Amino acid sequence: MYTGEFLADFGEEEWVQAERAQLKKVYSDALKEVSEYLLKNEEFDELQKLTSVASELYPFDEWQAVQMQALIGLERYKEAMKLYEQTSKHYFEELGVTPSEKLVEQYRYLGSRMGSRHRVIEEVQADLQESPGEKGGAFFCSLAGFRDCYRLVYRMSELNGQMPWLMLCTITDGKGYPAKGGPRLDRMSEKLLEVMKRSLRHSDFLQNTARPSM
C-alpha cells in the first residue's frame, strides 16, 4: 500500500515532515519484519518484489542487500550481480562512498554461490567474454572488480618488474571543488570516459604499429 513520501509536494510544512517520517518508519519496520519471515520460509519471489519497490523508493537504505538475497535464493545470479554493480556505481556517484558492508557481504556470498554451481566450460567462457561493444579502449568495472584487477596486476608486476601506476581523476567545478551530482556532471563524466577510451586506443595503435613484423 505504501507508494512513497507522504505529500511530496509539501515538504516544507513541519507537520508534513513529521507525518512523513512516521509513515516511513511504519513502512520500514513492517518491511523488515515481513522480509525476515519471507527469508525464513524461502519465499524469495515475493521478497524480491517487495524489496525491489523499497530499493526504488529509498536507494540509500540498503534494501538492495535484501533484494540480492532474494535474487540469489531464486538463483538469478546475473541479476544479483547487475544490481550490486548498479548500486555501487550509484553510491559512488551520488555520495562518493563505497557500498555498505551488508551489501559487500552479499556480493561475497554471491561469488561463492556462482563458484559452487555446476557449469559447463562453454557457459563459463561465455560469461568471461566481453560483449562486442565493450572491446577495445579502457576497461571499466565496479570498485570491487577493480580491487581484484589491481591486486592481480600488482602480483604480476613482482614477476616482470613493471610496476603499475594508479591515477585518480576528479572532476571539479569552476572553483576547483569536486563537482556535485547532476546532469552537468553526467555530461562531463561521459566526455572524460570518451577521452580515456580514445587515448588508450591510440596508445594500443602506436604499440602495434611500432612492433617489427615477424
# chains A, B, ... in the order shown; residues from 1 in each chain; ligands from 1
call {"tool": "residues_around", "arguments": {"residues": "A:Gly181", "least_positions_apart": "6", "cutoff": "10 Å", "atoms": "only C-alpha atoms", "output": "list in words"}}
result
Glu93, Glu94, Leu95 and Gly96 of chain A
call {"tool": "select_by_dssp", "arguments": {"residues": "stretch 136-197 of chain A", "states": "alpha helix (DSSP H)", "output": "PyMOL selection string"}}
result
chain A and resi 143-160+183-197
call {"tool": "residues_around", "arguments": {"residues": "A:Gln69", "least_positions_apart": "6", "cutoff": "9 Å", "atoms": "only C-alpha atoms", "output": "short mmCIF file (atom, residue, chain, number, x, y, z; two decimals) with N, CA and C atoms, in the first residue's frame"}}
result
data_model
loop_
_atom_site.label_atom_id
_atom_site.label_comp_id
_atom_site.auth_asym_id
_atom_site.auth_seq_id
_atom_site.Cartn_x
_atom_site.Cartn_y
_atom_site.Cartn_z
N LEU A 39 12.27 -14.63 4.19
CA LEU A 39 13.57 -15.30 4.10
C LEU A 39 13.54 -16.65 4.82
N PHE A 44 11.21 -16.40 -1.83
CA PHE A 44 12.12 -15.42 -2.43
C PHE A 44 11.46 -14.55 -3.50
N LEU A 47 9.62 -11.78 -1.80
CA LEU A 47 10.62 -10.91 -1.17
C LEU A 47 11.29 -10.02 -2.21
N GLN A 48 11.60 -10.57 -3.37
CA GLN A 48 12.23 -9.79 -4.42
C GLN A 48 11.33 -8.67 -4.89
N ALA A 80 21.48 -10.47 -9.74
CA ALA A 80 22.04 -10.04 -8.45
C ALA A 80 23.35 -9.30 -8.65
N GLN A 106 26.87 -9.64 0.77
CA GLN A 106 26.04 -10.36 -0.19
C GLN A 106 26.80 -10.59 -1.50
N LEU A 110 27.45 -14.11 -3.09
CA LEU A 110 27.07 -14.34 -4.48
C LEU A 110 28.22 -15.01 -5.23
#
call {"tool": "residues_around", "arguments": {"residues": "stretch 141-155 of chain A", "least_positions_apart": "2", "cutoff": "12 Å", "atoms": "only C-alpha atoms", "output": "JSON, numbers by chain"}}
result
{"A": [81, 82, 83, 84, 85, 86, 87, 88, 89, 90, 91, 92, 93, 96, 97, 98, 99, 103, 104, 105, 107, 108, 111, 130, 134, 138, 139, 157, 158, 159, 160, 161, 162, 163, 164, 165, 166, 167]}
call {"tool": "residues_around", "arguments": {"residues": "A:Met1", "least_positions_apart": "5", "cutoff": "12 Å", "atoms": "only C-alpha atoms", "output": "PyMOL selection string"}}
result
chain A and resi 23+26-27+30-31+50+53-54
call {"tool": "residues_around", "arguments": {"residues": "A:Arg184", "least_positions_apart": "4", "cutoff": "12 Å", "atoms": "only C-alpha atoms", "output": "short mmCIF file (atom, residue, chain, number, x, y, z; two decimals) with N, CA and C atoms, in the first residue's frame"}}
result
data_model
loop_
_atom_site.label_atom_id
_atom_site.label_comp_id
_atom_site.auth_asym_id
_atom_site.auth_seq_id
_atom_site.Cartn_x
_atom_site.Cartn_y
_atom_site.Cartn_z
N ILE A 171 36.64 15.21 -11.25
CA ILE A 171 36.02 16.30 -12.00
C ILE A 171 35.67 17.41 -11.02
N THR A 172 36.14 18.62 -11.28
CA THR A 172 35.92 19.74 -10.37
C THR A 172 35.06 20.81 -11.03
N ASP A 173 34.52 21.70 -10.19
CA ASP A 173 33.76 22.83 -10.71
C ASP A 173 34.71 24.00 -10.99
N ALA A 179 33.02 18.27 -8.28
CA ALA A 179 31.70 18.56 -8.82
C ALA A 179 30.64 17.68 -8.17
N LYS A 180 29.49 18.27 -7.93
CA LYS A 180 28.38 17.52 -7.33
C LYS A 180 27.57 16.85 -8.42
N MET A 188 29.96 15.70 -18.23
CA MET A 188 31.42 15.79 -18.11
C MET A 188 32.04 14.41 -17.92
N SER A 189 31.36 13.54 -17.18
CA SER A 189 31.86 12.18 -16.98
C SER A 189 31.89 11.42 -18.29
N GLU A 190 30.85 11.61 -19.12
CA GLU A 190 30.81 10.95 -20.42
C GLU A 190 31.95 11.43 -21.30
N LYS A 191 32.24 12.74 -21.26
CA LYS A 191 33.34 13.29 -22.05
C LYS A 191 34.68 12.72 -21.59
#
call {"tool": "atom_distance", "arguments": {"atom1": "atom CA of A:Trp15", "atom2": "atom CA of A:Asp61"}}
result
23.3 Å
call {"tool": "closest_residue", "arguments": {"among": "A:Phe140, A:Lys32, A:Glu12, A:Arg198", "to": "A:Trp63", "atoms": "only C-alpha atoms"}}
result
A:Lys32
call {"tool": "atom_distance", "arguments": {"atom1": "atom CA of A:Leu168", "atom2": "atom CA of A:Val195"}}
result
14.8 Å
call {"tool": "atom_distance", "arguments": {"atom1": "atom CA of A:Arg20", "atom2": "atom CA of A:Leu7"}}
result
7.8 Å
